[in-house]
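> Pasting run.cif below, which is mmCIF, C-alpha atoms and all ligand atoms.
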data_protein
#
loop_
_atom_site.label_atom_id
_atom_site.label_comp_id
_atom_site.auth_asym_id
_atom_site.auth_seq_id
_atom_site.Cartn_x
_atom_site.Cartn_y
_atom_site.Cartn_z
CA MET A 1 0.00 0.00 0.00
CA ASN A 2 2.95 2.31 0.51
CA GLU A 3 4.42 1.80 -2.94
CA PRO A 4 3.80 4.76 -5.27
CA ILE A 5 1.07 4.10 -7.84
CA ASN A 6 2.40 4.48 -11.38
CA LYS A 7 -0.20 2.47 -13.23
CA ILE A 8 -3.96 2.35 -12.70
CA ALA A 9 -6.28 -0.11 -14.41
CA VAL A 10 -9.96 0.52 -15.10
CA LEU A 11 -12.73 -1.95 -15.91
CA THR A 12 -16.50 -2.01 -16.36
CA SER A 13 -18.46 -4.96 -15.03
CA GLY A 14 -22.08 -6.12 -14.67
CA GLY A 15 -24.87 -4.54 -16.69
CA ASP A 16 -23.62 -1.71 -18.88
CA ALA A 17 -25.05 1.75 -18.27
CA PRO A 18 -25.05 4.96 -20.33
CA GLY A 19 -22.28 7.17 -18.98
CA MET A 20 -19.78 4.36 -18.37
CA ASN A 21 -17.74 5.65 -21.30
CA ALA A 22 -17.74 9.14 -19.82
CA ALA A 23 -16.42 7.60 -16.58
CA ILE A 24 -13.70 5.67 -18.41
CA ARG A 25 -12.70 8.85 -20.23
CA ALA A 26 -12.50 10.74 -16.94
CA VAL A 27 -10.37 8.03 -15.32
CA VAL A 28 -8.01 7.93 -18.30
CA ARG A 29 -7.67 11.70 -18.46
CA ALA A 30 -7.23 12.08 -14.72
CA CYS A 31 -4.42 9.52 -14.94
CA SER A 32 -2.86 11.51 -17.75
CA TYR A 33 -3.26 14.75 -15.76
CA TYR A 34 -1.50 13.23 -12.74
CA SER A 35 1.14 11.50 -14.91
CA VAL A 36 0.02 7.97 -14.16
CA GLU A 37 -0.23 5.29 -16.85
CA CYS A 38 -3.75 4.01 -17.44
CA VAL A 39 -4.60 0.49 -18.54
CA GLY A 40 -8.03 -0.57 -19.80
CA VAL A 41 -9.20 -4.07 -18.90
CA TYR A 42 -11.63 -5.62 -21.38
CA ARG A 43 -14.73 -7.63 -20.34
CA GLY A 44 -14.59 -6.80 -16.64
CA TYR A 45 -13.19 -9.39 -14.26
CA GLN A 46 -12.97 -11.96 -17.05
CA GLY A 47 -10.42 -9.75 -18.83
CA LEU A 48 -8.52 -9.38 -15.57
CA ILE A 49 -8.24 -13.17 -15.37
CA GLU A 50 -7.26 -13.54 -19.03
CA GLY A 51 -4.86 -10.58 -19.06
CA ASP A 52 -6.93 -8.75 -21.69
CA PHE A 53 -5.27 -5.38 -21.02
CA GLU A 54 -4.46 -2.36 -23.18
CA THR A 55 -2.75 0.89 -22.33
CA ILE A 56 -5.13 3.80 -22.96
CA SER A 57 -3.93 7.32 -23.56
CA ALA A 58 -5.87 10.55 -23.23
CA ARG A 59 -6.34 10.68 -27.03
CA ASN A 60 -7.72 7.11 -27.15
CA VAL A 61 -10.82 8.28 -25.30
CA SER A 62 -11.65 11.16 -27.62
CA ASN A 63 -15.28 11.25 -28.81
CA ILE A 64 -16.65 8.68 -26.39
CA ILE A 65 -18.29 10.96 -23.80
CA ASN A 66 -21.49 10.89 -25.87
CA LYS A 67 -21.55 7.13 -26.49
CA GLY A 68 -23.73 4.58 -24.69
CA GLY A 69 -22.46 1.15 -23.65
CA THR A 70 -18.83 0.69 -22.64
CA ILE A 71 -15.79 0.66 -24.93
CA LEU A 72 -14.15 -1.73 -22.47
CA LYS A 73 -17.08 -4.17 -22.83
CA SER A 74 -18.67 -5.77 -19.81
CA ALA A 75 -19.24 -9.25 -18.47
CA ARG A 76 -20.50 -11.08 -15.42
CA SER A 77 -17.52 -13.38 -14.71
CA LEU A 78 -18.25 -16.63 -12.91
CA GLU A 79 -14.54 -17.48 -12.82
CA PHE A 80 -13.76 -14.42 -10.70
CA LYS A 81 -16.06 -15.88 -8.05
CA THR A 82 -13.50 -18.67 -7.58
CA LYS A 83 -10.24 -18.39 -5.62
CA GLU A 84 -8.32 -19.69 -8.64
CA GLY A 85 -9.81 -17.02 -10.89
CA ARG A 86 -8.89 -14.25 -8.49
CA ALA A 87 -5.37 -15.65 -8.13
CA LYS A 88 -4.89 -15.43 -11.92
CA ALA A 89 -6.21 -11.88 -11.91
CA TYR A 90 -3.79 -10.87 -9.15
CA LYS A 91 -0.86 -12.44 -10.98
CA ASN A 92 -1.71 -10.54 -14.18
CA LEU A 93 -1.97 -7.23 -12.35
CA LYS A 94 1.39 -7.76 -10.65
CA THR A 95 3.09 -8.86 -13.87
CA GLN A 96 1.87 -5.70 -15.59
CA GLY A 97 3.04 -3.51 -12.72
CA ILE A 98 -0.47 -2.22 -12.10
CA GLY A 99 -0.74 -0.60 -8.68
CA ALA A 100 -4.46 0.05 -8.34
CA LEU A 101 -7.85 -0.60 -9.89
CA VAL A 102 -10.96 1.45 -10.65
CA LEU A 103 -14.10 -0.70 -10.82
CA ILE A 104 -17.13 0.72 -12.58
CA GLY A 105 -20.29 -1.27 -11.88
CA GLY A 106 -22.88 -2.24 -9.32
CA ASP A 107 -23.30 -4.50 -6.30
CA GLY A 108 -21.89 -7.63 -7.95
CA THR A 109 -18.82 -5.72 -9.13
CA PHE A 110 -18.15 -4.35 -5.65
CA THR A 111 -18.65 -7.77 -4.04
CA GLY A 112 -15.89 -9.15 -6.28
CA GLY A 113 -13.68 -6.16 -5.48
CA LEU A 114 -14.12 -6.61 -1.76
CA LYS A 115 -13.10 -10.28 -1.93
CA PHE A 116 -10.03 -9.26 -3.92
CA ILE A 117 -9.00 -6.72 -1.27
CA LYS A 118 -9.49 -9.22 1.53
CA GLU A 119 -7.31 -11.81 -0.22
CA TYR A 120 -4.62 -9.63 -1.76
CA ASN A 121 -4.94 -6.22 -0.13
CA PHE A 122 -4.90 -4.80 -3.66
CA PRO A 123 -5.76 -1.07 -3.76
CA LEU A 124 -9.04 -0.42 -5.52
CA VAL A 125 -12.02 1.92 -5.54
CA GLY A 126 -15.49 1.58 -7.02
CA ILE A 127 -17.65 3.91 -9.09
CA PRO A 128 -21.42 3.22 -9.11
CA GLY A 129 -22.56 2.45 -12.65
CA THR A 130 -25.98 0.87 -13.12
CA ILE A 131 -29.30 2.09 -14.46
CA ASP A 132 -31.03 0.67 -11.35
CA ASN A 133 -29.88 3.38 -8.90
CA ASP A 134 -29.90 0.73 -6.18
CA ILE A 135 -26.49 1.49 -4.64
CA TYR A 136 -26.09 2.87 -1.15
CA GLY A 137 -23.73 5.83 -0.71
CA THR A 138 -24.56 7.96 -3.71
CA ASP A 139 -27.62 9.97 -4.67
CA ASN A 140 -27.42 8.78 -8.27
CA THR A 141 -25.70 5.97 -10.11
CA ILE A 142 -24.28 6.47 -13.60
CA GLY A 143 -26.91 5.64 -16.22
CA TYR A 144 -29.98 6.03 -14.08
CA ASP A 145 -30.91 9.50 -15.34
CA THR A 146 -30.50 8.47 -18.98
CA ALA A 147 -32.61 5.35 -18.42
CA LEU A 148 -35.33 7.47 -16.80
CA ASN A 149 -35.41 9.78 -19.80
CA THR A 150 -35.52 6.83 -22.21
CA VAL A 151 -38.42 5.26 -20.33
CA VAL A 152 -40.37 8.51 -20.19
CA GLU A 153 -39.88 9.03 -23.93
CA VAL A 154 -41.18 5.54 -24.70
CA ILE A 155 -44.15 5.79 -22.33
CA ASP A 156 -45.10 9.09 -23.99
CA LYS A 157 -45.30 7.20 -27.28
CA ILE A 158 -47.28 4.32 -25.79
CA ARG A 159 -49.67 6.82 -24.28
CA ASP A 160 -50.54 8.09 -27.77
CA THR A 161 -51.68 4.66 -28.90
CA ALA A 162 -53.22 3.75 -25.51
CA SER A 163 -55.47 6.80 -25.58
CA SER A 164 -56.35 6.37 -29.27
CA HIS A 165 -57.67 2.86 -28.58
CA ASN A 166 -58.96 3.38 -25.03
CA ARG A 167 -56.58 0.73 -23.78
CA LEU A 168 -55.04 -0.26 -20.49
CA PHE A 169 -51.27 -0.70 -20.88
CA PHE A 170 -48.99 -2.56 -18.51
CA ILE A 171 -45.42 -1.40 -19.10
CA GLU A 172 -42.64 -3.36 -17.45
CA VAL A 173 -39.45 -1.46 -16.74
CA MET A 174 -36.06 -2.67 -15.48
CA GLY A 175 -34.71 -2.39 -11.98
CA ARG A 176 -34.10 -5.99 -10.88
CA ASP A 177 -34.99 -5.61 -7.18
CA ALA A 178 -35.45 -1.85 -7.06
CA GLY A 179 -38.31 0.42 -8.08
CA PHE A 180 -36.39 3.64 -8.76
CA ILE A 181 -36.93 3.59 -12.52
CA ALA A 182 -40.59 2.62 -12.23
CA LEU A 183 -41.39 5.21 -9.58
CA ASN A 184 -39.66 8.21 -11.07
CA ALA A 185 -40.30 7.49 -14.73
CA GLY A 186 -43.88 6.63 -13.78
CA ILE A 187 -44.41 10.03 -12.19
CA GLY A 188 -42.58 11.77 -15.03
CA ALA A 189 -44.71 10.05 -17.64
CA GLY A 190 -47.96 10.62 -15.73
CA ALA A 191 -48.71 6.92 -15.15
CA GLU A 192 -52.04 6.02 -13.58
CA GLU A 193 -50.50 3.28 -11.44
CA ILE A 194 -46.95 2.44 -10.39
CA LEU A 195 -46.05 -0.97 -8.97
CA ILE A 196 -42.68 -1.33 -7.23
CA PRO A 197 -41.06 -4.11 -5.18
CA GLU A 198 -40.51 -1.84 -2.17
CA LYS A 199 -44.26 -1.55 -1.55
CA ASN A 200 -46.64 -4.30 -2.48
CA ILE A 201 -50.05 -2.63 -2.44
CA GLY A 202 -51.80 -5.97 -3.07
CA LEU A 203 -54.05 -7.02 -5.91
CA GLU A 204 -57.27 -5.81 -4.35
CA LYS A 205 -56.08 -2.26 -3.79
CA PHE A 206 -54.58 -2.17 -7.25
CA VAL A 207 -57.86 -3.23 -8.88
CA ASP A 208 -59.83 -0.74 -6.75
CA SER A 209 -57.57 2.04 -7.82
CA LEU A 210 -57.81 1.06 -11.48
CA ASN A 211 -61.61 0.99 -11.28
CA LYS A 212 -61.65 4.34 -9.51
CA GLY A 213 -59.82 5.86 -12.46
CA ARG A 214 -62.35 4.36 -14.85
CA ASP A 215 -65.23 5.69 -12.71
CA ASN A 216 -63.57 9.11 -12.77
CA GLY A 217 -63.82 9.10 -16.56
CA LYS A 218 -60.44 7.72 -17.60
CA THR A 219 -60.70 5.91 -20.91
CA SER A 220 -57.11 4.69 -21.04
CA SER A 221 -54.48 4.01 -18.42
CA ILE A 222 -50.77 3.38 -18.07
CA VAL A 223 -49.56 1.03 -15.34
CA VAL A 224 -45.79 1.05 -14.86
CA VAL A 225 -44.58 -2.21 -13.34
CA SER A 226 -41.07 -2.67 -12.02
CA GLU A 227 -39.63 -6.05 -13.05
CA GLY A 228 -39.11 -6.88 -9.37
CA ASP A 229 -42.71 -6.11 -8.37
CA LYS A 230 -44.37 -8.80 -6.30
CA ILE A 231 -48.11 -8.38 -6.98
CA GLY A 232 -48.25 -11.06 -9.64
CA LYS A 233 -45.64 -13.58 -10.73
CA ASN A 234 -44.84 -11.22 -13.56
CA VAL A 235 -46.39 -8.49 -15.66
CA PHE A 236 -48.05 -10.97 -18.07
CA GLU A 237 -49.76 -12.87 -15.27
CA LEU A 238 -51.06 -9.64 -13.80
CA ALA A 239 -52.31 -8.40 -17.17
CA ASP A 240 -54.01 -11.76 -17.83
CA TYR A 241 -55.75 -11.60 -14.48
CA ILE A 242 -57.21 -8.17 -15.26
CA SER A 243 -58.14 -9.19 -18.77
CA GLU A 244 -59.94 -12.34 -17.62
CA ASN A 245 -61.79 -10.76 -14.71
CA PHE A 246 -62.58 -7.30 -16.05
CA SER A 247 -63.66 -7.60 -19.65
CA GLU A 248 -64.26 -3.85 -19.89
CA TYR A 249 -60.49 -3.32 -20.10
CA ASP A 250 -58.72 -3.81 -23.41
CA VAL A 251 -55.34 -4.83 -22.03
CA ARG A 252 -51.91 -4.74 -23.67
CA VAL A 253 -48.42 -5.41 -22.27
CA SER A 254 -45.15 -3.80 -23.25
CA VAL A 255 -41.84 -4.97 -21.79
CA LEU A 256 -39.28 -2.26 -22.44
CA GLY A 257 -36.26 -4.48 -21.74
CA HIS A 258 -32.71 -3.69 -22.73
CA MET A 259 -33.52 -0.58 -24.74
CA GLN A 260 -33.46 1.08 -21.31
CA ARG A 261 -29.74 0.41 -21.01
CA GLY A 262 -28.74 1.89 -24.36
CA GLY A 263 -28.40 5.31 -25.92
CA SER A 264 -26.36 8.44 -25.56
CA PRO A 265 -25.99 9.46 -21.90
CA SER A 266 -27.83 12.52 -20.62
CA CYS A 267 -25.82 15.59 -19.66
CA PHE A 268 -26.51 14.74 -16.02
CA ASP A 269 -24.93 11.30 -16.40
CA ARG A 270 -21.95 12.69 -18.31
CA VAL A 271 -21.20 15.21 -15.57
CA LEU A 272 -21.76 12.66 -12.81
CA ALA A 273 -19.46 10.14 -14.54
CA SER A 274 -16.78 12.76 -15.16
CA ARG A 275 -16.78 13.87 -11.52
CA LEU A 276 -16.69 10.30 -10.21
CA GLY A 277 -13.92 9.24 -12.60
CA VAL A 278 -11.65 12.10 -11.58
CA ALA A 279 -12.43 11.60 -7.88
CA ALA A 280 -11.68 7.86 -8.14
CA VAL A 281 -8.16 8.46 -9.47
CA GLU A 282 -7.54 11.20 -6.90
CA ALA A 283 -8.74 8.89 -4.12
CA LEU A 284 -6.34 6.13 -5.19
CA LEU A 285 -3.42 8.56 -5.42
CA ASP A 286 -4.40 9.72 -1.93
CA LYS A 287 -4.06 6.08 -0.78
CA SER A 288 -7.77 5.43 -0.35
CA THR A 289 -8.88 1.88 -0.97
CA GLY A 290 -11.92 -0.32 -0.39
CA VAL A 291 -14.32 2.55 -0.92
CA MET A 292 -16.95 3.53 -3.42
CA ILE A 293 -16.86 7.09 -4.68
CA GLY A 294 -20.30 8.67 -4.83
CA ILE A 295 -21.94 12.06 -4.94
CA THR A 296 -24.14 12.93 -2.00
CA GLU A 297 -25.89 16.29 -1.82
CA ASN A 298 -23.73 17.45 -4.72
CA LYS A 299 -20.46 16.67 -2.94
CA ILE A 300 -18.01 13.86 -3.63
CA SER A 301 -18.43 11.24 -0.90
CA LYS A 302 -16.76 7.97 0.02
CA VAL A 303 -18.41 4.94 1.51
CA GLU A 304 -16.82 1.62 2.51
CA LEU A 305 -17.48 -0.96 -0.22
CA ASP A 306 -18.82 -3.27 2.44
CA LYS A 307 -21.46 -0.74 3.40
CA ALA A 308 -22.29 0.11 -0.22
CA ILE A 309 -23.04 -3.57 -0.80
CA LYS A 310 -24.92 -4.35 2.42
CA MET A 311 -27.04 -1.23 2.81
CA ASN A 312 -29.95 -0.23 0.60
CA ASN A 313 -30.41 3.01 -1.21
CA ASP A 314 -33.80 3.87 0.24
CA ILE A 315 -36.46 4.78 -2.23
CA ASN A 316 -38.69 7.72 -1.36
CA ILE A 317 -41.98 5.90 -0.78
CA GLU A 318 -43.75 9.24 -0.27
CA LEU A 319 -43.48 9.75 -4.01
CA LEU A 320 -46.18 7.09 -4.40
CA LYS A 321 -48.55 9.58 -2.79
CA VAL A 322 -47.54 12.20 -5.36
CA ALA A 323 -48.26 9.64 -8.08
CA GLU A 324 -51.65 8.86 -6.52
CA ILE A 325 -52.67 12.49 -6.22
CA THR A 326 -51.49 13.55 -9.67
CA SER A 327 -53.20 10.65 -11.40
CA VAL A 328 -56.63 11.22 -9.86
O1 LIG B 401 -28.57 -4.29 -13.22
C1 LIG B 401 -29.03 -3.67 -14.36
C2 LIG B 401 -30.05 -4.50 -15.07
O2 LIG B 401 -30.33 -3.82 -16.25
C3 LIG B 401 -31.31 -4.81 -14.28
O3 LIG B 401 -32.20 -3.74 -14.26
C4 LIG B 401 -31.85 -6.02 -15.02
O4 LIG B 401 -32.64 -6.79 -14.19
C5 LIG B 401 -30.58 -6.74 -15.38
O5 LIG B 401 -29.56 -5.78 -15.43
C6 LIG B 401 -30.66 -7.49 -16.69
O6 LIG B 401 -29.46 -8.19 -16.84
P1 LIG B 401 -29.00 -8.92 -18.19
O7 LIG B 401 -28.47 -7.87 -19.10
O8 LIG B 401 -27.94 -9.85 -17.72
O9 LIG B 401 -30.20 -9.58 -18.75
#
As a first step, turn the structure in this file into structure tokens.

Amino acid sequence: MNEPINKIAVLTSGGDAPGMNAAIRAVVRACSYYSVECVGVYRGYQGLIEGDFETISARNVSNIINKGGTILKSARSLEFKTKEGRAKAYKNLKTQGIGALVLIGGDGTFTGGLKFIKEYNFPLVGIPGTIDNDIYGTDNTIGYDTALNTVVEVIDKIRDTASSHNRLFFIEVMGRDAGFIALNAGIGAGAEEILIPEKNIGLEKFVDSLNKGRDNGKTSSIVVVSEGDKIGKNVFELADYISENFSEYDVRVSVLGHMQRGGSPSCFDRVLASRLGVAAVEALLDKSTGVMIGITENKISKVELDKAIKMNNDINIELLKVAEITSV
């Protein structure tokens, strides 16, 4: 830990998120600014195990701030979950003279990083990159804002056809176990109902609320369902139940899927990623390790990786009330 850091490696792991390229660019350029060599690792932890490394210079990351996905590619490596896999990764890092790592990803990425520190005491810091916004220790994760805007744009389009045909649309959005996308995009797109895993309102209340809307003169409705929602087994089962029991509704389902992860990052995500990338390199040069760099109340913050993994980023349940009132 006391050796000077002359080479920093950066990787992206887990689900890609818009803004990851902006974060890579910031890491590379911060390295250049502080006269440290930067090495890109392809395909996340798998590339670490296979030694899939490439030196990246400041000019190599020109014109990527606006690009979705990740130029370093991403993967969910099963091999890194094994002791043998991690041993290979460590050997490769040492052979290349790499002194520290920047990990861009979510919970799974940080869990791998933490194991690596415990076994090898290898200096590393994390940057939260996932569209789910489900990471403790930062107000926003990279990609979340862009995903929200993508979802709102698509729901706006679905609303056009829903209202033209007087239909009830169930729209499933991503978020694995977290309802951030559903809740905020739902409010932003003026959804009639929002179903999230953090608060199971139950089938009865959901149906009551739907019928109330109809009785209040609504001829079409949008129900945003988070993929982790627990009311039905899944969005299709829920839609079938309504269709079979309430013939007055002409029901359709739209699963937005991976389109939510793509596209050019919003300005918000670009700025967030740039700030986090620079702060990650500065933290490593300052001898920080085992932490995730976040932004809390507009200030760079650090949280132990352990805490970032174990604790939940609490969703603001009160927003459901805003959704209820504004969809009356
Ligand atoms: O973690 C981000 C995420 O997009 C989740 O919202 C979603 O459940 C999952 O990844 C999908 O993963 P995959 O790309 O492996 O299907």
> Using all atoms listed in the file, what are the residues with an atom within 6 Å of ligand LIG 401 (chain B), set out as a list in words?
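The neighbouring residues of ligand LIG 401 (chain B) are, in order, Gly15, Thr130, Ile131, Asp132, Met174, Gly175 and Arg176 of chain A.
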> Mind dumping a table of every stretch 275-316 of chain A residue within 9 Å of stretch 17-32 of chain A, with the nearest atom pair and its distance in Å to one decimal, using all atoms listed in the file, sorted by chain and rising number, as JSON lines?

{"residue": "A:Arg275", "atom": "CA", "partner": "A:Ala26", "partner_atom": "CA", "distance": 7.6}
{"residue": "A:Leu276", "atom": "CA", "partner": "A:Ala23", "partner_atom": "CA", "distance": 6.9}
{"residue": "A:Gly277", "atom": "CA", "partner": "A:Val27", "partner_atom": "CA", "distance": 4.6}
{"residue": "A:Val278", "atom": "CA", "partner": "A:Ala30", "partner_atom": "CA", "distance": 5.4}
{"residue": "A:Ala279", "atom": "CA", "partner": "A:Val27", "partner_atom": "CA", "distance": 8.5}
{"residue": "A:Ala280", "atom": "CA", "partner": "A:Val27", "partner_atom": "CA", "distance": 7.3}
{"residue": "A:Val281", "atom": "CA", "partner": "A:Val27", "partner_atom": "CA", "distance": 6.3}
{"residue": "A:Glu282", "atom": "CA", "partner": "A:Ala30", "partner_atom": "CA", "distance": 7.9}
> Mind writing the picked residues with C-alpha atoms as a tab-separated table (two decimals), in the frame of the given file?

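File produced: again00.tsv:
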chain	number	residue	atom	x	y	z
A	275	ARG	CA	-16.78	13.87	-11.52
A	276	LEU	CA	-16.69	10.30	-10.21
A	277	GLY	CA	-13.92	9.24	-12.60
A	278	VAL	CA	-11.65	12.10	-11.58
A	279	ALA	CA	-12.43	11.60	-7.88
A	280	ALA	CA	-11.68	7.86	-8.14
A	281	VAL	CA	-8.16	8.46	-9.47
A	282	GLU	CA	-7.54	11.20	-6.90
> Pick out the closest residue to A:Ile181 from this set: A:Asn66, A:Ser13, A:Asn211, A:Thr141. Count all atoms listed in the file.
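So, comparing all the options, the nearest one is A:Thr141.
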> Which value, in Å to one decimal, gives the distance between atom CA of A:Arg86 and atom CA of A:Tyr42?
15.8 Å
> With only C-alpha atoms counted, which protein, DNA or RNA residues have an atom no more than 12 Å from (-49.9, 7.5, -2.9) in the file frame? Please answer as a list of chain:residue names.
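Final list of nearby residues, as requested, is A:Leu183, A:Ile187, A:Glu192, A:Glu193, A:Ile194, A:Leu195, A:Lys199, A:Ile201, A:Lys205, A:Phe206, A:Ser209, A:Asn316, A:Ile317, A:Glu318, A:Leu319, A:Leu320, A:Lys321, A:Val322, A:Ala323, A:Glu324, A:Ile325, A:Thr326, A:Ser327, A:Val328.
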> Pick out the residues sitting within 12 Å of A:Thr219, and hand them over as a PyMOL selection string; count all atoms listed in the file, and ignore anything fewer than 4 positions along from it in its own chain.
chain A and resi 159+162-169+192+210-215+248-250
> Restricting the calculation to only C-alpha atoms, which member of A:Val271, A:Val39, A:Ile98, A:Ala58 is positioned closest to A:Thr146?
A:Val271
> Kindly give the distance, in Å, that separates atom CA of A:Gln96 and atom CA of A:Glu37, rounded to a single decimal.
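We find that atom CA of A:Gln96 and atom CA of A:Glu37 lie 11.3 Å from each other.
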> Please indicate the distance in Å from atom CA of A:Asn200 to atom CA of A:Asp306, rounded to one decimal place.
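Between atom CA of A:Asn200 and atom CA of A:Asp306 the gap works out to 28.3 Å.
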> Tell me, as an mmCIF file with C-alpha atoms, in the coordinates of the input, which residues lie within 7 Å of A:Ala191, counting all atoms listed in the file; anything in the same chain fewer than 5 positions away does not count.

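Resulting contents of selection_28.cif:
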data_model
loop_
_atom_site.group_PDB
_atom_site.id
_atom_site.type_symbol
_atom_site.label_atom_id
_atom_site.label_comp_id
_atom_site.auth_asym_id
_atom_site.auth_seq_id
_atom_site.Cartn_x
_atom_site.Cartn_y
_atom_site.Cartn_z
ATOM 1 C CA GLY A 186 -43.880 6.630 -13.780
ATOM 2 C CA ILE A 222 -50.770 3.380 -18.070
ATOM 3 C CA VAL A 223 -49.560 1.030 -15.340
ATOM 4 C CA VAL A 224 -45.790 1.050 -14.860
ATOM 5 C CA SER A 327 -53.200 10.650 -11.400
#
> Give me the residues within 9 Å of A:Gly126 as a list of chain:residue names, counting only C-alpha atoms and dropping any in the same chain fewer than 6 places off.
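So the residues in contact are A:Leu101, A:Val102, A:Leu103, A:Ile104, A:Gly105, A:Gly106, A:Thr109, A:Phe110, A:Gly113, A:Ala280, A:Thr289, A:Gly290, A:Val291, A:Met292, A:Ile293, A:Gly294, A:Leu305.
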> For A:Asp16, please output as an mmCIF file with C-alpha atoms, in the coordinates of the input all residues within 7 Å (counting all atoms listed in the file; exclusion window: fewer than 2 positions along the same chain).

data_model
loop_
_atom_site.group_PDB
_atom_site.id
_atom_site.type_symbol
_atom_site.label_atom_id
_atom_site.label_comp_id
_atom_site.auth_asym_id
_atom_site.auth_seq_id
_atom_site.Cartn_x
_atom_site.Cartn_y
_atom_site.Cartn_z
ATOM 1 C CA GLY A 14 -22.080 -6.120 -14.670
ATOM 2 C CA PRO A 18 -25.050 4.960 -20.330
ATOM 3 C CA GLY A 69 -22.460 1.150 -23.650
ATOM 4 C CA THR A 70 -18.830 0.690 -22.640
ATOM 5 C CA SER A 74 -18.670 -5.770 -19.810
ATOM 6 C CA THR A 130 -25.980 0.870 -13.120
ATOM 7 C CA ARG A 261 -29.740 0.410 -21.010
#
> Would you mind telling me which residue in A:Ala100, A:Val61, A:Ile135, A:Ile8 lies nearest to A:Ala308 when using all atoms listed in the file?
A:Ile135
> Could I get the residues of stretch 11-58 of chain A with an atom no further than 12 Å from an atom of stretch 80-84 of chain A, each paired with its nearest atom pair and that distance in Å to one decimal, using all atoms listed in the file, sorted by chain and residue number, as a tab-separated table?

residue	atom	partner	partner_atom	distance
A:Ser13	CA	A:Phe80	CA	11.4
A:Arg43	CA	A:Phe80	CA	11.8
A:Gly44	CA	A:Phe80	CA	9.7
A:Tyr45	CA	A:Phe80	CA	6.2
A:Gln46	CA	A:Phe80	CA	6.9
A:Gly47	CA	A:Phe80	CA	10.0
A:Leu48	CA	A:Phe80	CA	8.8
A:Ile49	CA	A:Phe80	CA	7.3
A:Glu50	CA	A:Phe80	CA	10.6
> Using only C-alpha atoms, which of A:Met311, A:Ala182, A:Ile242, A:Val173 sits nearest A:Met259?
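Going through A:Met311, A:Ala182, A:Ile242, A:Val173 one by one, the smallest distance to A:Met259 is for A:Val173.
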> Would you mind telling me which residue in A:Asp145, A:Asp314, A:Lys287, A:Ser62 lies nearest to A:Ala178 when using only C-alpha atoms?
A:Asp314
> I need the residue nearest A:Val152 from this list: A:Ser221, A:Ser288, A:Asn298, A:Gln260. Use only C-alpha atoms for the distance.
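Selected residue with least distance to A:Val152: A:Gln260.
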> Would you mind putting back N, CA and C atoms on stretch 70-82 of chain A, then writing it out as a PDB file, in the coordinates of the input?

ATOM      1  N   THR A  70     -20.172   0.504 -23.198  1.00  0.00           N
ATOM      2  CA  THR A  70     -18.830   0.690 -22.640  1.00  0.00           C
ATOM      3  C   THR A  70     -17.786   0.211 -23.645  1.00  0.00           C
ATOM      4  N   ILE A  71     -16.831   1.056 -23.965  1.00  0.00           N
ATOM      5  CA  ILE A  71     -15.790   0.660 -24.930  1.00  0.00           C
ATOM      6  C   ILE A  71     -14.956  -0.494 -24.379  1.00  0.00           C
ATOM      7  N   LEU A  72     -14.939  -0.648 -23.059  1.00  0.00           N
ATOM      8  CA  LEU A  72     -14.150  -1.730 -22.470  1.00  0.00           C
ATOM      9  C   LEU A  72     -14.941  -3.049 -22.425  1.00  0.00           C
ATOM     10  N   LYS A  73     -16.187  -3.004 -22.884  1.00  0.00           N
ATOM     11  CA  LYS A  73     -17.080  -4.170 -22.830  1.00  0.00           C
ATOM     12  C   LYS A  73     -17.326  -4.562 -21.357  1.00  0.00           C
ATOM     13  N   SER A  74     -18.363  -5.357 -21.179  1.00  0.00           N
ATOM     14  CA  SER A  74     -18.670  -5.770 -19.810  1.00  0.00           C
ATOM     15  C   SER A  74     -19.013  -7.246 -19.779  1.00  0.00           C
ATOM     16  N   ALA A  75     -18.909  -7.823 -18.603  1.00  0.00           N
ATOM     17  CA  ALA A  75     -19.240  -9.250 -18.470  1.00  0.00           C
ATOM     18  C   ALA A  75     -19.575  -9.521 -17.013  1.00  0.00           C
ATOM     19  N   ARG A  76     -20.295 -10.618 -16.803  1.00  0.00           N
ATOM     20  CA  ARG A  76     -20.500 -11.080 -15.420  1.00  0.00           C
ATOM     21  C   ARG A  76     -19.675 -12.359 -15.303  1.00  0.00           C
ATOM     22  N   SER A  77     -18.471 -12.253 -14.702  1.00  0.00           N
ATOM     23  CA  SER A  77     -17.520 -13.380 -14.710  1.00  0.00           C
ATOM     24  C   SER A  77     -17.781 -14.358 -13.567  1.00  0.00           C
ATOM     25  N   LEU A  78     -18.054 -15.591 -13.927  1.00  0.00           N
ATOM     26  CA  LEU A  78     -18.250 -16.630 -12.910  1.00  0.00           C
ATOM     27  C   LEU A  78     -16.898 -17.073 -12.351  1.00  0.00           C
ATOM     28  N   GLU A  79     -15.876 -17.026 -13.237  1.00  0.00           N
ATOM     29  CA  GLU A  79     -14.540 -17.480 -12.820  1.00  0.00           C
ATOM     30  C   GLU A  79     -13.958 -16.603 -11.706  1.00  0.00           C
ATOM     31  N   PHE A  80     -14.304 -15.309 -11.733  1.00  0.00           N
ATOM     32  CA  PHE A  80     -13.760 -14.420 -10.700  1.00  0.00           C
ATOM     33  C   PHE A  80     -14.349 -14.742  -9.331  1.00  0.00           C
ATOM     34  N   LYS A  81     -15.463 -15.492  -9.334  1.00  0.00           N
ATOM     35  CA  LYS A  81     -16.060 -15.880  -8.050  1.00  0.00           C
ATOM     36  C   LYS A  81     -15.256 -17.016  -7.404  1.00  0.00           C
ATOM     37  N   THR A  82     -14.313 -17.586  -8.157  1.00  0.00           N
ATOM     38  CA  THR A  82     -13.500 -18.670  -7.580  1.00  0.00           C
ATOM     39  C   THR A  82     -12.144 -18.118  -7.131  1.00  0.00           C
TER      40      THR A  82
END
